[in-house]
Amino acid sequence: MTLIATESLTKTYGGRVTALADLTVAVEPGIIGLVGANGAGKSTLIKILLGLLAPTSGRVSVLGLDPTTDPAAVRARVGYMPEHDALPPDLTAAELVTHLGRISGLPRTAARERASEALRHVGLHEERHRAVGGYSTGMKQRVKLAQALVHDPDLLLLDEPTNGLDPAGRDDMLALVHRIGTEFGISVLVCSHLLGEVERICDTLVAIDGGRLLRAGPIAAMTSATDVLAVEVSEGTELLAARLAALDLPVDREGRLLLVPLADDSTYDLILGAVAALDLPLHRLDQRRHRVAELFATREPSHA
Amino acid sequence: MPESTGVIHDIGYQRYTGPRLGRRHVFGALYLHGLRTIFGLGRSAKAKIFPWLVVGIVTLVAVIVAAVRSQIGEVLLTYAQFADSMSWLIIFFVAVAAPELVSRDLRSGVLPLYFSRPLPRGDYATAKLLALVTGLWLLLGGPQLVMFLGAAFTTDAGLRGVGDELLDLLPALLYAGLWAVVFASVGLLVASLTGKRAFAAGGIVAVFLMTMPIGGTLAILPSRTVNELAGLVSPSTLVMGVGTWALPDPPGADSGEGLMIGGFGPVYAVAAVLLVAACVTLLLLRYRKVAAR
């Protein structure tokens with residue numbers, strides 16, 4: 001079953017500001033990373049998926065349902081964690097999550113039980129009976145995640161879940177999201193402007209920029225066979241590039257660097273041989289992993 | 001074995017297979033939550049002080065009125081007069097309760113958590129409004145019931161006396177309902193415009209109290225028609241005007257202190273309905289906008 005599908009989805013505000021432009025994407029259940037710079041249209045997309053915003057044109061389906069015509073059915077099966085502060089300071093976490101569970105349609109006792117379960121799963125135990133106002137940012141993020149989980153959704157929409165967290169907190173949150181996606185059997189859409197974070201935990205990646213789809217696909221396909229050798233010579237970069245190209249090596253330029261895909265150990269020998277033959281001063285030759293970021297960067301040279 | 005002494009084992013995540021209740025139940029949960037919020041239930045002790053102070057005052061007044069009536073036989077306040085004379089307290093009660101209901105949610109940003117759930121955005125506003133109406137009605141109707149019980153138990157006319165008393169009480173309860181509906185819809189609309197509780201409270205008091213002098217000024221202009229329509233400009237006098245027109249025993253009728261409305265009673269009634277309708281419409285529109293943010 002397709003988890004989320006959009007077809008030529010477009011959203012313009014007031015006919016001038018374009019938040020989403022002709023976005024067509026389909027993703028399967030799992031952990032999906034939605035990456036893009038701030039203002040790329042991530043939050044707009046989430047609001048359309050929740051049926052809170054109506055698209056200007058195009059079609060959208062979530063869990064096989066249409067949020068524009070049946071938002072209540074979609075929202076009953078989706079949990080949403082917003083980006084910004086969303087917690088009333090004077091309620092305790094247990095009260096708040098229980099109340100929101102009831103708003104999701106859980107009976108009173110079930111809401112109370114599932115609230116403490118959800119809070120336990122995100123790592124809040126005794127603290128849950130304290131007022132949220134006194135919580136650290138990390139604890140608040142966990143409460144926000146717990147309220148999205150309380151009604152046992154089939155899909156979680158997490159908007160920048162690591163926002164405001166320190167590095168250790170980020171790792172914890174990402175591990176938690178990964179656990180929800182793998183062990184709990186709940187699909188997760190994680191929004192982030194930090195590609196490095198989401199690529200660690202997700203199995204599908206969707207990148208948008210300026211409301212347009214940059215790339216979408218399984219992350220394995222994007223990172224496989226992406227070991228490259230970076231070569232830097234103090235001078236004669238052009239000559240070396242031409243020489244390597246003549247040796248049938250596909251060469252990419254990245255500033256002063258030449259990037260050559262690493263086929264096997266003979267690639268080293270070919271490069272070293274070429275440098276020696278041209279008598280160029282070799283500055284650096286090292287192997288590095290081709291980050292997904294570079295895949296996006298090559299598609300979008302304007303940001304380089 | 002330390003493990004046997006109450007260690008909680010992680011049994012993993014459990015899917016929920018129980019019932020999921022429909023819109024009516026969700027509405028009811030939000031309504032009850034709102035009603036509890038108004039009286040500070042389930043909240044800090046500080047939040048309980050003001051609502052229960054007001055409850056105490058109105059109950060005390062009702063008890064005194066009932067006691068004086070049973071001992072001396074003098075009716076200090078009729079049921080409807082009670083509602084009128086408590087109106088200033090109701091204004092302050094609304095000024096505290098309405099921001100508590102809606103401004104706090106706007107401020108804390110909790111609304112996206114509501115609107116991402118299967119709760120139609122109109123339901124949020126109507127549940128809060130109904131909660132406030134109920135709260136205000138209980139605040140006025142509860143003491144009226146105390147007065148009724150006092151009168152019913154001390155009546156000399158037996159069951160017939162109780163029946164007469166009941167016939168006095170019922171219209172007054174409806175009148176209290178009118179107070180509640182008008183004050184709740186105006187108050188909640190004002191409160192929904194700002195996330196700052198102090199601003200909201202100030203705005204509500206301003207709408208109710210600042211319009212009074214305008215009405216007072218209009219009431220002494222040398223035109224009888226203007227005088228009789230002056231009550232329309234303030235929610236309080238608007239309600240009193242409807243009471244003067246519709247109640248069988250209008251407040252102030254015998255003493256001549258009542259509102260001068262001449263033959264414009266129906267105009268007051270229509271104005272009250274329009275005011276409430278306008279406030280509710282604007283409230284719903286307001287939350288259409290808020291939900292999409």
# chains A, B, ... in the order shown; residues from 1 in each chain; ligands from 1
>>> select_by_dssp(residues="segment 23-167 of chain A", states="strand (DSSP E or B)", output="ChimeraX atom specification")
/A:23-27,31-35,57-62,65,78-81,92,131,155-159
>>> residues_around(residues="segment 163-177 of chain A", least_positions_apart="2", cutoff="7 Å", atoms="only C-alpha atoms", output="list in words")
Thr137, Gly138, Glu160, Pro161, Arg179, Ile180, Gly181 and Ile201 of chain A
>>> closest_residue(among="A:Leu23, A:Ala274, A:Leu45, A:Val74", to="chain B", atoms="only C-alpha atoms")
A:Val74
>>> residues_around(residues="segment 39-51 of chain B", least_positions_apart="4", cutoff="12 Å", atoms="only C-alpha atoms", output="ChimeraX atom specification")
/A:88-92,95-96,99,130-131 /B:32-35,55-58,89-90,92-98,100-101,131-132,134-136,138-139
>>> write_last_selection(atoms="N, CA and C atoms", output="short mmCIF file (atom, residue, chain, number, x, y, z; two decimals), in the first residue's frame")
data_model
loop_
_atom_site.label_atom_id
_atom_site.label_comp_id
_atom_site.auth_asym_id
_atom_site.auth_seq_id
_atom_site.Cartn_x
_atom_site.Cartn_y
_atom_site.Cartn_z
N PRO A 88 0.80 23.58 27.04
CA PRO A 88 0.39 24.51 28.09
C PRO A 88 1.24 24.25 29.34
N PRO A 89 1.89 25.28 29.88
CA PRO A 89 2.87 25.07 30.93
C PRO A 89 2.30 24.56 32.25
N ASP A 90 1.02 24.83 32.53
CA ASP A 90 0.56 24.49 33.88
C ASP A 90 -0.08 23.11 33.99
N LEU A 91 -0.18 22.40 32.88
CA LEU A 91 -0.69 21.03 32.96
C LEU A 91 0.48 20.07 33.15
N THR A 92 0.20 18.90 33.76
CA THR A 92 1.24 17.88 33.80
C THR A 92 1.21 17.12 32.48
N GLU A 95 -1.63 14.61 32.35
CA GLU A 95 -2.95 15.21 32.12
C GLU A 95 -3.12 15.61 30.66
N LEU A 96 -2.09 16.29 30.14
CA LEU A 96 -2.19 16.79 28.77
C LEU A 96 -2.34 15.65 27.77
N HIS A 99 -5.74 14.00 28.07
CA HIS A 99 -6.78 14.84 27.47
C HIS A 99 -6.74 14.75 25.95
N ARG A 130 4.63 16.01 36.79
CA ARG A 130 5.02 17.39 37.07
C ARG A 130 4.53 18.30 35.96
N ALA A 131 4.34 19.58 36.29
CA ALA A 131 3.86 20.54 35.28
C ALA A 131 4.88 20.67 34.16
N LEU B 32 -16.59 19.08 28.75
CA LEU B 32 -16.40 18.85 30.19
C LEU B 32 -15.07 19.42 30.66
N HIS B 33 -14.05 19.25 29.83
CA HIS B 33 -12.75 19.80 30.16
C HIS B 33 -12.84 21.32 30.32
N GLY B 34 -13.60 21.95 29.42
CA GLY B 34 -13.79 23.39 29.49
C GLY B 34 -14.53 23.80 30.75
N LEU B 35 -15.57 23.06 31.07
CA LEU B 35 -16.37 23.38 32.25
C LEU B 35 -15.51 23.26 33.52
N VAL B 55 -18.39 32.11 43.23
CA VAL B 55 -19.44 31.15 43.59
C VAL B 55 -19.89 31.40 45.02
N GLY B 56 -18.91 31.63 45.91
CA GLY B 56 -19.22 31.88 47.31
C GLY B 56 -20.09 33.12 47.48
N ILE B 57 -19.70 34.20 46.79
CA ILE B 57 -20.46 35.46 46.93
C ILE B 57 -21.90 35.29 46.47
N VAL B 58 -22.09 34.73 45.26
CA VAL B 58 -23.46 34.64 44.75
C VAL B 58 -24.30 33.70 45.63
N LEU B 89 -20.75 41.02 38.72
CA LEU B 89 -19.88 39.91 39.12
C LEU B 89 -19.66 38.96 37.94
N ILE B 90 -20.75 38.76 37.19
CA ILE B 90 -20.67 37.87 36.02
C ILE B 90 -19.66 38.43 35.01
N PHE B 92 -16.97 40.15 35.60
CA PHE B 92 -15.61 39.83 36.03
C PHE B 92 -15.33 38.33 35.91
N PHE B 93 -16.36 37.55 36.17
CA PHE B 93 -16.19 36.10 36.04
C PHE B 93 -15.87 35.73 34.58
N VAL B 94 -16.60 36.33 33.65
CA VAL B 94 -16.33 36.08 32.23
C VAL B 94 -14.93 36.55 31.88
N ALA B 95 -14.54 37.71 32.42
CA ALA B 95 -13.23 38.27 32.09
C ALA B 95 -12.11 37.36 32.55
N VAL B 96 -12.36 36.51 33.54
CA VAL B 96 -11.34 35.57 33.98
C VAL B 96 -11.50 34.22 33.25
N ALA B 97 -12.75 33.77 33.12
CA ALA B 97 -12.98 32.43 32.60
C ALA B 97 -12.72 32.34 31.09
N ALA B 98 -13.17 33.32 30.32
CA ALA B 98 -13.05 33.22 28.86
C ALA B 98 -11.58 33.18 28.41
N GLU B 100 -9.16 32.13 30.15
CA GLU B 100 -8.69 30.84 30.65
C GLU B 100 -9.03 29.73 29.64
N LEU B 101 -10.19 29.86 29.01
CA LEU B 101 -10.66 28.83 28.07
C LEU B 101 -9.94 28.89 26.73
N ALA B 131 -19.42 25.37 27.16
CA ALA B 131 -18.89 25.21 28.52
C ALA B 131 -19.04 26.53 29.29
N LEU B 132 -18.72 27.64 28.62
CA LEU B 132 -18.81 28.94 29.30
C LEU B 132 -20.27 29.29 29.59
N THR B 134 -22.70 27.20 30.07
CA THR B 134 -23.12 26.35 31.19
C THR B 134 -22.58 26.89 32.51
N GLY B 135 -21.31 27.27 32.50
CA GLY B 135 -20.69 27.78 33.72
C GLY B 135 -21.42 29.01 34.24
N LEU B 136 -21.71 29.95 33.35
CA LEU B 136 -22.38 31.19 33.76
C LEU B 136 -23.79 30.90 34.22
N LEU B 138 -24.92 28.11 35.51
CA LEU B 138 -24.86 27.49 36.84
C LEU B 138 -24.62 28.55 37.91
N LEU B 139 -23.78 29.52 37.56
CA LEU B 139 -23.43 30.57 38.51
C LEU B 139 -24.66 31.40 38.90
#
>>> interface_residues(of="chain A", to="chain B", cutoff="7 Å", atoms="only C-alpha atoms", output="list of chain:residue names")
A:Leu50, A:Leu52, A:Leu53, A:Ala72, A:Ala73, A:Arg75, A:Ala76, A:Tyr80, A:Asp85, A:Ala86, A:Leu87, A:Pro88, A:Arg102, A:Ile103, A:Ser104, A:Gly105, A:Leu106, A:Pro107, A:Asp152, A:Phe184
>>> atom_distance(atom1="atom CA of Pro250 of chain A", atom2="atom CA of Pro281 of chain A")
21.5 Å
>>> closest_residue(among="A:Ala37, A:Leu249, A:Ala54, A:Val143", to="Thr12 of chain A", atoms="only C-alpha atoms")
A:Ala54
>>> select_by_dssp(residues="segment 45-216 of chain A", states="alpha helix (DSSP H)", output="JSON, numbers by chain")
{"A": [45, 46, 47, 48, 49, 71, 72, 73, 74, 75, 76, 93, 94, 95, 96, 97, 98, 99, 100, 101, 102, 103, 108, 109, 110, 111, 112, 113, 114, 115, 116, 117, 118, 119, 120, 121, 137, 138, 139, 140, 141, 142, 143, 144, 145, 146, 147, 148, 149, 167, 168, 169, 170, 171, 172, 173, 174, 175, 176, 177, 178, 179, 180, 181, 182, 195, 196, 197, 198, 199, 200, 201]}
>>> write_last_selection(atoms="C-alpha atoms", output="PDB file, in the first residue's frame")
ATOM      1  CA  LEU A  45       3.011  19.721   2.852  1.00  0.00           C
ATOM      2  CA  ILE A  46       2.343  18.377   6.361  1.00  0.00           C
ATOM      3  CA  LYS A  47      -0.642  20.678   6.802  1.00  0.00           C
ATOM      4  CA  ILE A  48      -2.068  19.498   3.507  1.00  0.00           C
ATOM      5  CA  LEU A  49      -1.513  15.882   4.540  1.00  0.00           C
ATOM      6  CA  PRO A  71      -9.840  14.995   7.012  1.00  0.00           C
ATOM      7  CA  ALA A  72     -11.329  13.439  10.157  1.00  0.00           C
ATOM      8  CA  ALA A  73     -10.637   9.891   8.923  1.00  0.00           C
ATOM      9  CA  VAL A  74      -7.043  10.803   8.085  1.00  0.00           C
ATOM     10  CA  ARG A  75      -6.441  12.571  11.387  1.00  0.00           C
ATOM     11  CA  ALA A  76      -7.847   9.641  13.360  1.00  0.00           C
ATOM     12  CA  ALA A  93       2.416  15.737  30.921  1.00  0.00           C
ATOM     13  CA  ALA A  94       0.112  12.918  32.022  1.00  0.00           C
ATOM     14  CA  GLU A  95      -2.951  15.211  32.117  1.00  0.00           C
ATOM     15  CA  LEU A  96      -2.188  16.789  28.771  1.00  0.00           C
ATOM     16  CA  VAL A  97      -1.516  13.543  26.923  1.00  0.00           C
ATOM     17  CA  THR A  98      -4.595  11.907  28.496  1.00  0.00           C
ATOM     18  CA  HIS A  99      -6.781  14.844  27.467  1.00  0.00           C
ATOM     19  CA  LEU A 100      -5.441  14.798  23.917  1.00  0.00           C
ATOM     20  CA  GLY A 101      -5.985  11.046  23.805  1.00  0.00           C
ATOM     21  CA  ARG A 102      -9.639  11.645  24.588  1.00  0.00           C
ATOM     22  CA  ILE A 103      -9.824  14.269  21.842  1.00  0.00           C
ATOM     23  CA  ARG A 108     -11.474   7.808  29.460  1.00  0.00           C
ATOM     24  CA  THR A 109      -9.636   4.820  30.977  1.00  0.00           C
ATOM     25  CA  ALA A 110      -7.983   3.837  27.717  1.00  0.00           C
ATOM     26  CA  ALA A 111      -6.770   7.413  27.282  1.00  0.00           C
ATOM     27  CA  ARG A 112      -5.209   7.409  30.746  1.00  0.00           C
ATOM     28  CA  GLU A 113      -3.528   4.040  30.247  1.00  0.00           C
ATOM     29  CA  ARG A 114      -2.246   4.816  26.799  1.00  0.00           C
ATOM     30  CA  ALA A 115      -0.991   8.221  27.929  1.00  0.00           C
ATOM     31  CA  SER A 116       1.262   6.721  30.570  1.00  0.00           C
ATOM     32  CA  GLU A 117       2.341   4.023  28.104  1.00  0.00           C
ATOM     33  CA  ALA A 118       3.192   6.609  25.461  1.00  0.00           C
ATOM     34  CA  LEU A 119       5.082   8.722  27.994  1.00  0.00           C
ATOM     35  CA  ARG A 120       6.971   5.649  29.163  1.00  0.00           C
ATOM     36  CA  HIS A 121       7.926   4.776  25.601  1.00  0.00           C
ATOM     37  CA  THR A 137      13.536  21.272  25.917  1.00  0.00           C
ATOM     38  CA  GLY A 138      14.348  17.597  25.483  1.00  0.00           C
ATOM     39  CA  MET A 139      11.549  16.540  27.807  1.00  0.00           C
ATOM     40  CA  LYS A 140       9.086  18.856  26.069  1.00  0.00           C
ATOM     41  CA  GLN A 141       9.992  17.321  22.709  1.00  0.00           C
ATOM     42  CA  ARG A 142       9.313  13.908  24.218  1.00  0.00           C
ATOM     43  CA  VAL A 143       5.902  15.007  25.486  1.00  0.00           C
ATOM     44  CA  LYS A 144       5.086  16.307  22.016  1.00  0.00           C
ATOM     45  CA  LEU A 145       6.083  12.942  20.592  1.00  0.00           C
ATOM     46  CA  ALA A 146       4.049  11.086  23.228  1.00  0.00           C
ATOM     47  CA  GLN A 147       0.879  13.032  22.441  1.00  0.00           C
ATOM     48  CA  ALA A 148       1.325  12.093  18.777  1.00  0.00           C
ATOM     49  CA  LEU A 149       1.573   8.426  19.776  1.00  0.00           C
ATOM     50  CA  PRO A 167      23.800  16.732  20.192  1.00  0.00           C
ATOM     51  CA  ALA A 168      23.121  14.008  22.763  1.00  0.00           C
ATOM     52  CA  GLY A 169      19.426  14.920  22.791  1.00  0.00           C
ATOM     53  CA  ARG A 170      19.373  14.750  19.004  1.00  0.00           C
ATOM     54  CA  ASP A 171      20.847  11.277  19.028  1.00  0.00           C
ATOM     55  CA  ASP A 172      18.299  10.127  21.624  1.00  0.00           C
ATOM     56  CA  MET A 173      15.396  11.581  19.678  1.00  0.00           C
ATOM     57  CA  LEU A 174      16.589  10.041  16.409  1.00  0.00           C
ATOM     58  CA  ALA A 175      17.050   6.664  18.086  1.00  0.00           C
ATOM     59  CA  LEU A 176      13.540   6.938  19.485  1.00  0.00           C
ATOM     60  CA  VAL A 177      12.082   7.803  16.082  1.00  0.00           C
ATOM     61  CA  HIS A 178      13.977   4.905  14.551  1.00  0.00           C
ATOM     62  CA  ARG A 179      12.596   2.559  17.223  1.00  0.00           C
ATOM     63  CA  ILE A 180       9.045   3.763  16.584  1.00  0.00           C
ATOM     64  CA  GLY A 181       9.472   3.165  12.859  1.00  0.00           C
ATOM     65  CA  THR A 182      11.029  -0.280  13.195  1.00  0.00           C
ATOM     66  CA  LEU A 195      19.943  15.967   5.887  1.00  0.00           C
ATOM     67  CA  GLY A 196      22.731  14.368   7.912  1.00  0.00           C
ATOM     68  CA  GLU A 197      20.279  13.592  10.685  1.00  0.00           C
ATOM     69  CA  VAL A 198      17.454  12.010   8.773  1.00  0.00           C
ATOM     70  CA  GLU A 199      19.640  10.000   6.442  1.00  0.00           C
ATOM     71  CA  ARG A 200      20.853   8.097   9.516  1.00  0.00           C
ATOM     72  CA  ILE A 201      17.432   6.737  10.395  1.00  0.00           C
TER      73      ILE A 201
END
>>> residues_around(residues="segment 79-88 of chain B", least_positions_apart="3", cutoff="10 Å", atoms="only C-alpha atoms", output="short mmCIF file (atom, residue, chain, number, x, y, z; two decimals) with N, CA and C atoms, in the first residue's frame")
data_model
loop_
_atom_site.label_atom_id
_atom_site.label_comp_id
_atom_site.auth_asym_id
_atom_site.auth_seq_id
_atom_site.Cartn_x
_atom_site.Cartn_y
_atom_site.Cartn_z
N VAL B 54 -16.23 33.86 43.60
CA VAL B 54 -17.47 34.35 42.98
C VAL B 54 -18.64 33.42 43.32
N ILE B 57 -19.70 34.20 46.79
CA ILE B 57 -20.46 35.46 46.93
C ILE B 57 -21.90 35.29 46.47
N VAL B 58 -22.09 34.73 45.26
CA VAL B 58 -23.46 34.64 44.75
C VAL B 58 -24.30 33.70 45.63
N VAL B 61 -25.22 35.61 48.83
CA VAL B 61 -26.31 36.56 48.57
C VAL B 61 -27.65 35.83 48.52
N ALA B 62 -27.65 34.68 47.81
CA ALA B 62 -28.90 33.92 47.68
C ALA B 62 -29.37 33.43 49.04
N VAL B 65 -30.81 36.37 50.94
CA VAL B 65 -32.13 36.74 50.41
C VAL B 65 -33.19 35.74 50.88
N VAL B 75 -39.23 40.43 50.43
CA VAL B 75 -38.50 39.94 49.27
C VAL B 75 -37.47 41.00 48.86
N LEU B 76 -36.21 40.76 49.20
CA LEU B 76 -35.15 41.71 48.84
C LEU B 76 -34.93 41.73 47.34
N ILE B 91 -19.65 39.77 34.87
CA ILE B 91 -18.71 40.39 33.93
C ILE B 91 -17.29 40.01 34.31
N PHE B 92 -16.97 40.15 35.60
CA PHE B 92 -15.61 39.83 36.03
C PHE B 92 -15.33 38.33 35.91
N PHE B 93 -16.36 37.55 36.17
CA PHE B 93 -16.19 36.10 36.04
C PHE B 93 -15.87 35.73 34.58
N VAL B 94 -16.60 36.33 33.65
CA VAL B 94 -16.33 36.08 32.23
C VAL B 94 -14.93 36.55 31.88
N TRP B 137 -24.45 29.98 33.52
CA TRP B 137 -25.83 29.66 33.87
C TRP B 137 -25.89 29.00 35.24
N LEU B 139 -23.78 29.52 37.56
CA LEU B 139 -23.43 30.57 38.51
C LEU B 139 -24.66 31.40 38.90
N LEU B 140 -25.55 31.63 37.94
CA LEU B 140 -26.76 32.39 38.24
C LEU B 140 -27.91 31.47 38.68
N GLY B 141 -28.02 30.34 38.02
CA GLY B 141 -29.14 29.44 38.29
C GLY B 141 -29.01 28.71 39.61
N PRO B 143 -27.67 29.68 42.60
CA PRO B 143 -28.20 30.48 43.72
C PRO B 143 -29.71 30.69 43.62
N GLN B 144 -30.22 30.81 42.40
CA GLN B 144 -31.68 30.95 42.26
C GLN B 144 -32.38 29.71 42.79
N LEU B 145 -31.74 28.58 42.58
CA LEU B 145 -32.30 27.34 43.10
C LEU B 145 -32.27 27.34 44.64
N MET B 147 -32.48 30.01 46.47
CA MET B 147 -33.57 30.90 46.87
C MET B 147 -34.91 30.17 46.77
N PHE B 148 -35.04 29.38 45.70
CA PHE B 148 -36.28 28.63 45.51
C PHE B 148 -36.49 27.63 46.64
N GLU B 165 -44.13 29.31 43.38
CA GLU B 165 -42.71 29.66 43.46
C GLU B 165 -41.96 29.13 42.24
N ASP B 168 -42.44 31.15 39.30
CA ASP B 168 -41.59 32.34 39.34
C ASP B 168 -40.16 31.99 38.93
N LEU B 169 -39.73 30.80 39.38
CA LEU B 169 -38.33 30.40 39.17
C LEU B 169 -38.02 30.11 37.70
N LEU B 170 -38.94 29.37 37.02
CA LEU B 170 -38.62 28.89 35.68
C LEU B 170 -38.30 30.00 34.68
N PRO B 171 -39.15 31.06 34.58
CA PRO B 171 -38.78 32.14 33.66
C PRO B 171 -37.46 32.79 34.04
N ALA B 172 -37.21 32.87 35.36
CA ALA B 172 -35.98 33.50 35.81
C ALA B 172 -34.76 32.65 35.42
N LEU B 173 -34.94 31.33 35.42
CA LEU B 173 -33.84 30.47 34.98
C LEU B 173 -33.56 30.68 33.50
N LEU B 174 -34.65 30.86 32.71
CA LEU B 174 -34.47 31.15 31.29
C LEU B 174 -33.76 32.49 31.11
N TYR B 175 -34.16 33.46 31.94
CA TYR B 175 -33.54 34.78 31.89
C TYR B 175 -32.05 34.66 32.22
N ALA B 176 -31.74 33.84 33.23
CA ALA B 176 -30.33 33.60 33.57
C ALA B 176 -29.61 32.97 32.39
N GLY B 177 -30.33 32.11 31.65
CA GLY B 177 -29.75 31.50 30.47
C GLY B 177 -29.42 32.55 29.42
N TRP B 179 -28.68 35.76 30.02
CA TRP B 179 -27.46 36.40 30.51
C TRP B 179 -26.25 35.56 30.10
N ALA B 180 -26.34 34.26 30.37
CA ALA B 180 -25.21 33.36 30.13
C ALA B 180 -24.83 33.34 28.66
N PHE B 183 -23.41 36.92 27.48
CA PHE B 183 -22.10 37.23 28.05
C PHE B 183 -21.03 36.25 27.59
N VAL B 205 -13.83 43.31 29.92
CA VAL B 205 -14.38 44.29 30.87
C VAL B 205 -14.71 45.59 30.12
N PHE B 208 -17.95 45.34 28.12
CA PHE B 208 -19.16 45.33 28.95
C PHE B 208 -19.35 46.64 29.71
N LEU B 209 -18.27 47.19 30.26
CA LEU B 209 -18.43 48.34 31.14
C LEU B 209 -18.36 49.68 30.41
N SER B 236 -25.19 44.41 28.76
CA SER B 236 -25.94 44.24 30.01
C SER B 236 -27.34 44.82 29.90
N THR B 237 -27.44 46.07 29.42
CA THR B 237 -28.76 46.70 29.33
C THR B 237 -29.60 46.05 28.25
N VAL B 239 -29.68 42.82 27.66
CA VAL B 239 -30.31 41.67 28.31
C VAL B 239 -31.43 42.15 29.24
N MET B 240 -31.17 43.20 29.99
CA MET B 240 -32.20 43.71 30.90
C MET B 240 -33.43 44.15 30.12
N GLY B 243 -35.42 41.28 29.30
CA GLY B 243 -36.10 40.84 30.52
C GLY B 243 -37.31 41.70 30.81
N THR B 244 -37.15 43.00 30.68
CA THR B 244 -38.26 43.93 30.93
C THR B 244 -39.44 43.62 30.03
N LEU B 247 -40.27 39.11 30.68
CA LEU B 247 -40.57 38.48 31.97
C LEU B 247 -41.96 38.89 32.46
N ASP B 249 -42.80 39.24 35.47
CA ASP B 249 -42.65 40.14 36.61
C ASP B 249 -41.29 40.82 36.48
N PRO B 250 -41.19 41.79 35.54
CA PRO B 250 -39.87 42.30 35.19
C PRO B 250 -39.20 43.00 36.37
N PRO B 251 -37.87 42.89 36.43
CA PRO B 251 -37.14 43.52 37.52
C PRO B 251 -37.33 45.04 37.48
N GLY B 252 -37.58 45.65 38.61
CA GLY B 252 -37.69 47.10 38.70
C GLY B 252 -38.99 47.64 38.20
#
